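Novice: Sharing a structure with you now.
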Amino acid sequence: MSKREKSQAASASSPPSLLDSSGGKAVLVEASQHTNILLLSLFGVASIVALLLAALALPVFGAGPVVSKVAYAVVVFATVVGVCVLSVINIKAHRHATVQALQTEVLLNSLGQGYLSFDLKGLCGPVYSEACLDLLETVPAGRNIVDVLHLTGEQKTDFEGWIEMLFMPNHALGFDDIVRFLPQNYTHSNVARRVGIIYRPVYDKDKKLISIIVIATDRTEEAEAEARMRGQQTFVSMVSRIFRERSQFMVTLTHLRRFVEDSKLAIKREEAASILRMLHTLKASAKHFYLMNLDKRIHKLESDLRNPSIQSDEDFQRRLKKCGEELDGELNAVLAEIGEFIGQDFEGRGHLREISDDVVFDFARLMRARKIDADLIHQYLLNIAAVPVNETFRQFDRELQDLAIVLGKKVKPVLYTGTNPRVLPQTLENFLLSSMHICRNIIDHGIEPAVTRLARGKDPAGLIMIHTDLIDNPATGGKILQIIISDDGNGIDPALVRKKLTQTDPEGGWRYDNDEQVIQRILQWGVSTSADINELSGRGVGMEAIDREVNLLGGTIKVYSELYKGTRFDIRIPYNLDPPQGSLRAVS
């Protein structure tokens, strides 16, 4: 067994401590004292050597050599005694220093943290803890820190830039301000492992930064505990939101059931746009109600149905049917999970209110059938069935805040302006459901990270505004409901839109569009400025979905944008208070 292994074995039987059991002194303090003893020993040896050299040098400078036996004996005795005493002291000090160094090493390794340091050039020093082999999966000594942390591309460039600034004298930012922009986690090959990174400075006596210590800590258990807590919080938020927005949740369930039924039909690939659009919209709604498993399932189903390997209608129909079955199973699992809180007959009870929507609108239809004064019917619907249009966007506001937290961005509460006219939400429910795509695009593409916004001279929190008003419709003499949704974010780059169109429709008429016209192309199927497809956006379906719903209402939507200043969606829908279509039932 090696000396190091014996030391570690001894430490297992008696746990290492920062205090020495014999003297009661801190290990590191006593080690420092022993180092001083070693230095003193070296000084003593140097003094003896100097004495001997002086004796030998007497003839060189014309003096007589030492000829007295007594003097010679004194020199020899002093030399032998001095060397022996210093040797004993040195051996004892070395033994203590070695034991304490090993104790310190064992103590450091027993903490389970990876310790290493690197200099201005990024080179790691020779001293590191054994935990680095497990947590950072490498021997860091002599390697560059960017290689140890597996940094590549833009992340590597940013890291090197911040490190250069840290070592720069008299820079404006403090150490703690800059390290916030350095990687805070190490990506372990074992995806279940969570390794956190902490940075600490090392200064010389002149307060000049000479190196940086990296401390890697296994946070797997902490991350798992946080995940369980988030899961519990998500469940509570899900049930709470379902209760608060019962009607909208019922709409979501209805559309989910409809998709399951439609998936059984013999739909051809070229006729699948509507059902794929519905699936994309349902994903946004599932995320809004914190149905995270359902959201992930729908995201996977979207990818399955858009797989380029699908070559025939039969293959598409087979996959669509399988998707419907999987979605139905996931939906039933969700309802079973929350059934204890919302009731097993939740769907059967419909909208829960003092007077149901059906009764409200049936009564309006009955009045119309009996030729009741039109103004009276109008006042009835306006005051009983209609709600302020801003109320219908509360889901939009909450979704903004939720997505901002997920993406690490900051947004202020939605600012509402305008006259806030009253509307019948039932006639707008499909439009309101699809408006979540604008919400997701604002957060994913529009609002920049707080650091970027600060660099551009903006408030770190983004501002989203919803302006609602009634304007005259010169074509019909009636009114138009105008809804303007705007943000102060990144804006839309026409060049990115053209790049996407070059890939999807290289010979299209968009080639003759100016910047304002080409921006409107984001409302087309399959057009997205996102380079990657994620759970929020990137498929080029969401904006087409809202354009379709606005058109079904007989309205229009136009997009205005200024790069780095923001984007504005101007939506105009014919305004009316006619109840939804339906057969008249008996009202007793």
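As shown in the structure tokens, the chain order sets the letters A, B, ...; within each chain, residues go from 1, and ligands are also counted from 1 in the order they appear.
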If we count only C-alpha atoms and set the cut-off at 8 Å, which residues sit around Val260 of chain A, ignoring sequence neighbours fewer than 2 positions away in its own chain? Please answer as a ChimeraX atom specification.
Specialist: /A:256-258,262-264,324-325,327-328
Novice: If I take atom CA of Leu133 of chain A and atom CA of Arg200 of chain A, how far is one from the other in Å, to one decimal?
Specialist: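 Spanning atom CA of Leu133 of chain A to atom CA of Arg200 of chain A is a straight-line distance of 20.1 Å.
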Novice: For the structure I just gave you, how does DSSP split segment 283-458 of chain A - specifically, which residues are helix (DSSP H, G or I)? Reply as a ChimeraX atom specification.
Specialist: /A:283-288,292-305,313-342,346-349,357-369,374-385,389-407,425-434,436-446,450-455
Novice: Tell me which protein, DNA and RNA residues are within 9 Å of segment 485-494 of chain A, counting only C-alpha atoms, leaving out same-chain ones fewer than 3 positions away, and put them as a ChimeraX atom specification.
Specialist: /A:438,442-443,445-448,453,458,462-468,497-499,514-516,518-519,529,560-571
Novice: Extract, using only C-alpha atoms, all DNA, RNA and protein residues at most 12 Å from Val389 of chain A, discarding same-chain residues fewer than 3 positions from it, and format them as a PDB file with C-alpha atoms, in the first residue's frame.
Specialist:
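Final output, saved to part18.pdb:
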```pdb
ATOM      1  CA  LEU A 382     -74.695  43.743 -24.549  1.00  0.00           C
ATOM      2  CA  ALA A 386     -71.167  40.335 -23.534  1.00  0.00           C
ATOM      3  CA  THR A 392     -60.939  37.790 -22.925  1.00  0.00           C
ATOM      4  CA  PHE A 393     -57.169  38.436 -23.052  1.00  0.00           C
ATOM      5  CA  ARG A 394     -56.446  37.512 -19.419  1.00  0.00           C
ATOM      6  CA  TYR A 416     -54.394  47.761 -22.059  1.00  0.00           C
ATOM      7  CA  THR A 417     -55.469  50.890 -23.901  1.00  0.00           C
ATOM      8  CA  GLY A 418     -58.492  51.941 -25.920  1.00  0.00           C
ATOM      9  CA  THR A 419     -62.224  51.924 -25.220  1.00  0.00           C
ATOM     10  CA  ASN A 420     -62.451  48.227 -24.263  1.00  0.00           C
ATOM     11  CA  PRO A 421     -65.749  47.472 -26.062  1.00  0.00           C
ATOM     12  CA  ARG A 422     -67.949  44.591 -24.951  1.00  0.00           C
ATOM     13  CA  VAL A 423     -67.973  41.426 -27.091  1.00  0.00           C
ATOM     14  CA  LEU A 424     -69.516  37.976 -27.103  1.00  0.00           C
ATOM     15  CA  PRO A 425     -66.543  35.740 -26.207  1.00  0.00           C
ATOM     16  CA  GLN A 426     -68.240  32.630 -27.610  1.00  0.00           C
ATOM     17  CA  THR A 427     -68.169  34.079 -31.137  1.00  0.00           C
ATOM     18  CA  LEU A 428     -64.433  34.823 -30.777  1.00  0.00           C
ATOM     19  CA  GLU A 429     -63.319  31.681 -28.937  1.00  0.00           C
ATOM     20  CA  LEU A 432     -58.791  33.877 -28.908  1.00  0.00           C
ATOM     21  CA  ILE A 466     -53.200  45.521 -26.360  1.00  0.00           C
ATOM     22  CA  HIS A 467     -55.265  48.351 -27.792  1.00  0.00           C
ATOM     23  CA  THR A 468     -58.972  47.728 -28.461  1.00  0.00           C
ATOM     24  CA  ASP A 469     -61.503  50.047 -30.030  1.00  0.00           C
ATOM     25  CA  LEU A 470     -64.522  50.260 -32.290  1.00  0.00           C
ATOM     26  CA  LEU A 481     -63.536  45.707 -33.708  1.00  0.00           C
ATOM     27  CA  GLN A 482     -59.885  46.737 -33.878  1.00  0.00           C
ATOM     28  CA  ILE A 483     -57.360  44.827 -31.771  1.00  0.00           C
ATOM     29  CA  TYR A 575     -68.247  43.871 -34.868  1.00  0.00           C
TER      30      TYR A 575
END
```
Novice: Rounded to one decimal place, report the atom CA of Leu381 of chain A-atom CA of Ala364 of chain A distance in Å.
Specialist: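 Pair atom CA of Leu381 of chain A / atom CA of Ala364 of chain A returns 7.3 Å.
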Novice: Near segment 329-334 of chain A, counting only C-alpha atoms, which residues have an atom at most 8 Å away, once you skip same-chain residues fewer than 2 positions from it, shown as a CSV table (one decimal) with N, CA and C atoms, in the first residue's frame?
Specialist:
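File produced: part.csv:
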```
chain,number,residue,atom,x,y,z
A,291,LEU,N,-50.5,21.4,-18.7
A,291,LEU,CA,-50.7,20.0,-19.0
A,291,LEU,C,-49.4,19.6,-19.8
A,293,ASN,N,-47.2,17.0,-19.8
A,293,ASN,CA,-47.1,15.7,-20.5
A,293,ASN,C,-47.8,15.7,-21.8
A,294,LEU,N,-49.0,16.3,-21.7
A,294,LEU,CA,-49.9,16.4,-22.9
A,294,LEU,C,-49.2,17.3,-24.0
A,297,ARG,N,-46.4,15.4,-25.5
A,297,ARG,CA,-46.9,14.4,-26.4
A,297,ARG,C,-47.3,15.0,-27.7
A,325,GLU,N,-54.9,7.9,-31.1
A,325,GLU,CA,-55.0,6.9,-30.0
A,325,GLU,C,-54.1,7.3,-28.8
A,326,GLU,N,-52.9,7.8,-29.2
A,326,GLU,CA,-51.9,8.2,-28.1
A,326,GLU,C,-52.4,9.4,-27.4
A,327,LEU,N,-53.0,10.4,-28.2
A,327,LEU,CA,-53.5,11.6,-27.6
A,327,LEU,C,-54.7,11.3,-26.7
A,336,ALA,N,-57.9,11.7,-15.4
A,336,ALA,CA,-58.0,10.8,-14.3
A,336,ALA,C,-57.1,11.4,-13.1
A,337,GLU,N,-56.0,12.0,-13.5
A,337,GLU,CA,-55.1,12.6,-12.5
A,337,GLU,C,-55.8,13.7,-11.7
A,338,ILE,N,-56.5,14.6,-12.5
A,338,ILE,CA,-57.1,15.8,-11.9
A,338,ILE,C,-58.5,15.6,-11.5
```
Novice: Would you mind listing what lies within 12 Å of Ala273 of chain A as a list in words, with only C-alpha atoms counted and same-chain residues fewer than 2 positions away left out?
Specialist: Ile267, Lys268, Arg269, Glu270, Glu271, Ile275, Leu276, Arg277, Met278, Leu279, His280, Glu302, Leu305, Arg306, Gln524, Trp525, Gly526, Val541, Gly542, Glu544, Ala545 and Arg548 of chain A
Novice: Residues of the last selection are to be written out with N, CA and C atoms, as a PDB file, in the first residue's frame.
Specialist:
```pdb
ATOM      1  N   ILE A 267     -58.083  10.879 -44.017  1.00  0.00           N
ATOM      2  CA  ILE A 267     -57.645  12.193 -44.476  1.00  0.00           C
ATOM      3  C   ILE A 267     -56.371  12.036 -45.311  1.00  0.00           C
ATOM      4  N   LYS A 268     -56.346  12.669 -46.471  1.00  0.00           N
ATOM      5  CA  LYS A 268     -55.179  12.611 -47.334  1.00  0.00           C
ATOM      6  C   LYS A 268     -54.140  13.633 -46.868  1.00  0.00           C
ATOM      7  N   ARG A 269     -52.883  13.386 -47.261  1.00  0.00           N
ATOM      8  CA  ARG A 269     -51.798  14.275 -46.820  1.00  0.00           C
ATOM      9  C   ARG A 269     -52.021  15.710 -47.278  1.00  0.00           C
ATOM     10  N   GLU A 270     -52.460  15.883 -48.503  1.00  0.00           N
ATOM     11  CA  GLU A 270     -52.627  17.238 -49.023  1.00  0.00           C
ATOM     12  C   GLU A 270     -53.834  17.949 -48.404  1.00  0.00           C
ATOM     13  N   GLU A 271     -54.659  17.208 -47.701  1.00  0.00           N
ATOM     14  CA  GLU A 271     -55.839  17.803 -47.047  1.00  0.00           C
ATOM     15  C   GLU A 271     -55.657  17.899 -45.536  1.00  0.00           C
ATOM     16  N   ILE A 275     -56.092  19.848 -39.831  1.00  0.00           N
ATOM     17  CA  ILE A 275     -55.927  19.020 -38.632  1.00  0.00           C
ATOM     18  C   ILE A 275     -54.545  19.239 -38.004  1.00  0.00           C
ATOM     19  N   LEU A 276     -53.538  19.521 -38.825  1.00  0.00           N
ATOM     20  CA  LEU A 276     -52.218  19.850 -38.281  1.00  0.00           C
ATOM     21  C   LEU A 276     -52.247  21.209 -37.598  1.00  0.00           C
ATOM     22  N   ARG A 277     -53.024  22.123 -38.161  1.00  0.00           N
ATOM     23  CA  ARG A 277     -53.172  23.438 -37.554  1.00  0.00           C
ATOM     24  C   ARG A 277     -53.858  23.311 -36.193  1.00  0.00           C
ATOM     25  N   MET A 278     -54.880  22.458 -36.138  1.00  0.00           N
ATOM     26  CA  MET A 278     -55.581  22.247 -34.880  1.00  0.00           C
ATOM     27  C   MET A 278     -54.630  21.656 -33.827  1.00  0.00           C
ATOM     28  N   LEU A 279     -53.799  20.701 -34.252  1.00  0.00           N
ATOM     29  CA  LEU A 279     -52.866  20.068 -33.326  1.00  0.00           C
ATOM     30  C   LEU A 279     -51.877  21.087 -32.773  1.00  0.00           C
ATOM     31  N   HIS A 280     -51.404  21.981 -33.625  1.00  0.00           N
ATOM     32  CA  HIS A 280     -50.447  23.008 -33.196  1.00  0.00           C
ATOM     33  C   HIS A 280     -51.105  23.962 -32.190  1.00  0.00           C
ATOM     34  N   GLU A 302     -46.722  16.068 -33.580  1.00  0.00           N
ATOM     35  CA  GLU A 302     -46.527  16.989 -34.702  1.00  0.00           C
ATOM     36  C   GLU A 302     -45.338  16.557 -35.553  1.00  0.00           C
ATOM     37  N   LEU A 305     -46.116  13.408 -37.610  1.00  0.00           N
ATOM     38  CA  LEU A 305     -47.005  13.611 -38.755  1.00  0.00           C
ATOM     39  C   LEU A 305     -46.343  14.430 -39.864  1.00  0.00           C
ATOM     40  N   ARG A 306     -45.273  15.145 -39.514  1.00  0.00           N
ATOM     41  CA  ARG A 306     -44.564  15.937 -40.524  1.00  0.00           C
ATOM     42  C   ARG A 306     -43.278  15.244 -40.994  1.00  0.00           C
ATOM     43  N   GLN A 524     -48.120  33.135 -43.701  1.00  0.00           N
ATOM     44  CA  GLN A 524     -48.303  31.995 -44.584  1.00  0.00           C
ATOM     45  C   GLN A 524     -47.923  30.695 -43.883  1.00  0.00           C
ATOM     46  N   TRP A 525     -48.431  29.620 -44.386  1.00  0.00           N
ATOM     47  CA  TRP A 525     -48.114  28.280 -43.866  1.00  0.00           C
ATOM     48  C   TRP A 525     -46.632  27.980 -44.085  1.00  0.00           C
ATOM     49  N   GLY A 526     -45.962  27.533 -43.022  1.00  0.00           N
ATOM     50  CA  GLY A 526     -44.589  27.062 -43.109  1.00  0.00           C
ATOM     51  C   GLY A 526     -43.527  28.137 -43.091  1.00  0.00           C
ATOM     52  N   VAL A 541     -46.487  27.562 -38.401  1.00  0.00           N
ATOM     53  CA  VAL A 541     -47.898  27.178 -38.440  1.00  0.00           C
ATOM     54  C   VAL A 541     -48.759  28.132 -37.612  1.00  0.00           C
ATOM     55  N   GLY A 542     -48.223  28.592 -36.496  1.00  0.00           N
ATOM     56  CA  GLY A 542     -49.014  29.377 -35.552  1.00  0.00           C
ATOM     57  C   GLY A 542     -49.598  30.638 -36.141  1.00  0.00           C
ATOM     58  N   GLU A 544     -50.070  31.363 -39.275  1.00  0.00           N
ATOM     59  CA  GLU A 544     -51.049  31.025 -40.308  1.00  0.00           C
ATOM     60  C   GLU A 544     -52.378  30.651 -39.679  1.00  0.00           C
ATOM     61  N   ALA A 545     -52.321  30.020 -38.513  1.00  0.00           N
ATOM     62  CA  ALA A 545     -53.549  29.620 -37.818  1.00  0.00           C
ATOM     63  C   ALA A 545     -54.359  30.827 -37.400  1.00  0.00           C
ATOM     64  N   ARG A 548     -55.940  32.508 -40.380  1.00  0.00           N
ATOM     65  CA  ARG A 548     -57.109  31.758 -40.859  1.00  0.00           C
ATOM     66  C   ARG A 548     -58.338  32.077 -40.003  1.00  0.00           C
TER      67      ARG A 548
END
```
Novice: Val179 of chain A: which residues within 8 Å, counting only C-alpha atoms, same-chain residues fewer than 3 positions away excluded, as a PyMOL selection string?
Specialist: chain A and resi 162+175-176+182+199
Novice: Residues of the last selection are to be written out with N, CA and C atoms, as a CSV table (one decimal), in the first residue's frame.
Specialist:
```
chain,number,residue,atom,x,y,z
A,162,TRP,N,-15.0,37.3,-21.6
A,162,TRP,CA,-15.3,37.7,-20.2
A,162,TRP,C,-14.0,37.5,-19.3
A,175,PHE,N,-15.9,41.4,-10.0
A,175,PHE,CA,-15.8,40.0,-10.3
A,175,PHE,C,-17.2,39.3,-10.3
A,176,ASP,N,-18.0,39.6,-9.3
A,176,ASP,CA,-19.3,38.9,-9.1
A,176,ASP,C,-20.2,39.3,-10.3
A,182,LEU,N,-20.7,33.8,-17.0
A,182,LEU,CA,-19.9,32.6,-17.3
A,182,LEU,C,-20.8,31.3,-17.1
A,199,TYR,N,-17.3,30.2,-9.3
A,199,TYR,CA,-16.0,30.8,-9.6
A,199,TYR,C,-15.6,31.7,-8.4
```
Novice: So which bits of segment 190-305 of chain A end up strand (DSSP E or B) when you DSSP the backbone, as a list in words?
Specialist: Val195, Gly196, Ile197, Ile198, Tyr199, Arg200, Pro201, Val202, Tyr203, Leu209, Ile210, Ser211, Ile212, Ile213, Val214, Ile215, Ala216, Thr217 and Asp218 of chain A
Novice: Store the residues of this selection in a file with N, CA and C atoms, as a compact mmCIF listing (two decimals), in the first residue's frame.
Specialist:
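Output file selection-v4.txt is given in full below:
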```txt
# COMPACT_ATOMS: atom_id res chain seq x y z
N VAL A 195 -24.26 19.19 -12.61
CA VAL A 195 -23.02 19.69 -12.01
C VAL A 195 -23.02 21.21 -12.09
N GLY A 196 -23.00 21.86 -10.92
CA GLY A 196 -22.95 23.31 -10.86
C GLY A 196 -21.53 23.82 -10.79
N ILE A 197 -21.31 25.02 -11.32
CA ILE A 197 -19.97 25.62 -11.37
C ILE A 197 -20.00 26.95 -10.61
N ILE A 198 -19.00 27.13 -9.72
CA ILE A 198 -18.82 28.38 -8.98
C ILE A 198 -17.41 28.89 -9.24
N TYR A 199 -17.26 30.21 -9.34
CA TYR A 199 -15.97 30.82 -9.61
C TYR A 199 -15.56 31.70 -8.42
N ARG A 200 -14.29 31.60 -8.03
CA ARG A 200 -13.77 32.40 -6.93
C ARG A 200 -12.43 33.03 -7.35
N PRO A 201 -12.19 34.29 -6.99
CA PRO A 201 -10.95 34.97 -7.41
C PRO A 201 -9.80 34.71 -6.45
N VAL A 202 -8.58 34.77 -6.97
CA VAL A 202 -7.36 34.72 -6.16
C VAL A 202 -6.55 35.97 -6.49
N TYR A 203 -6.32 36.82 -5.46
CA TYR A 203 -5.61 38.08 -5.65
C TYR A 203 -4.22 38.02 -5.00
N LEU A 209 -5.77 40.38 -9.69
CA LEU A 209 -6.24 39.02 -9.94
C LEU A 209 -5.15 38.21 -10.61
N ILE A 210 -4.77 37.09 -9.99
CA ILE A 210 -3.72 36.25 -10.57
C ILE A 210 -4.24 34.91 -11.07
N SER A 211 -5.36 34.45 -10.52
CA SER A 211 -5.96 33.20 -11.01
C SER A 211 -7.40 33.11 -10.54
N ILE A 212 -8.10 32.17 -11.11
CA ILE A 212 -9.51 31.96 -10.76
C ILE A 212 -9.70 30.50 -10.37
N ILE A 213 -10.33 30.29 -9.24
CA ILE A 213 -10.62 28.93 -8.77
C ILE A 213 -12.00 28.52 -9.29
N VAL A 214 -12.08 27.32 -9.79
CA VAL A 214 -13.35 26.74 -10.25
C VAL A 214 -13.75 25.64 -9.27
N ILE A 215 -14.97 25.73 -8.77
CA ILE A 215 -15.50 24.73 -7.84
C ILE A 215 -16.69 24.05 -8.50
N ALA A 216 -16.56 22.75 -8.77
CA ALA A 216 -17.65 21.98 -9.37
C ALA A 216 -18.35 21.17 -8.28
N THR A 217 -19.68 21.28 -8.23
CA THR A 217 -20.45 20.62 -7.18
C THR A 217 -21.55 19.76 -7.80
N ASP A 218 -21.69 18.55 -7.28
CA ASP A 218 -22.76 17.66 -7.75
C ASP A 218 -24.09 18.13 -7.16
```
Novice: I'd like the interatomic distance between atom CA of Asn551 of chain A and atom CA of Gln520 of chain A, to a tenth of an Å.
Specialist: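 Atom CA of Gln520 of chain A lies at a distance of 14.4 Å from atom CA of Asn551 of chain A.
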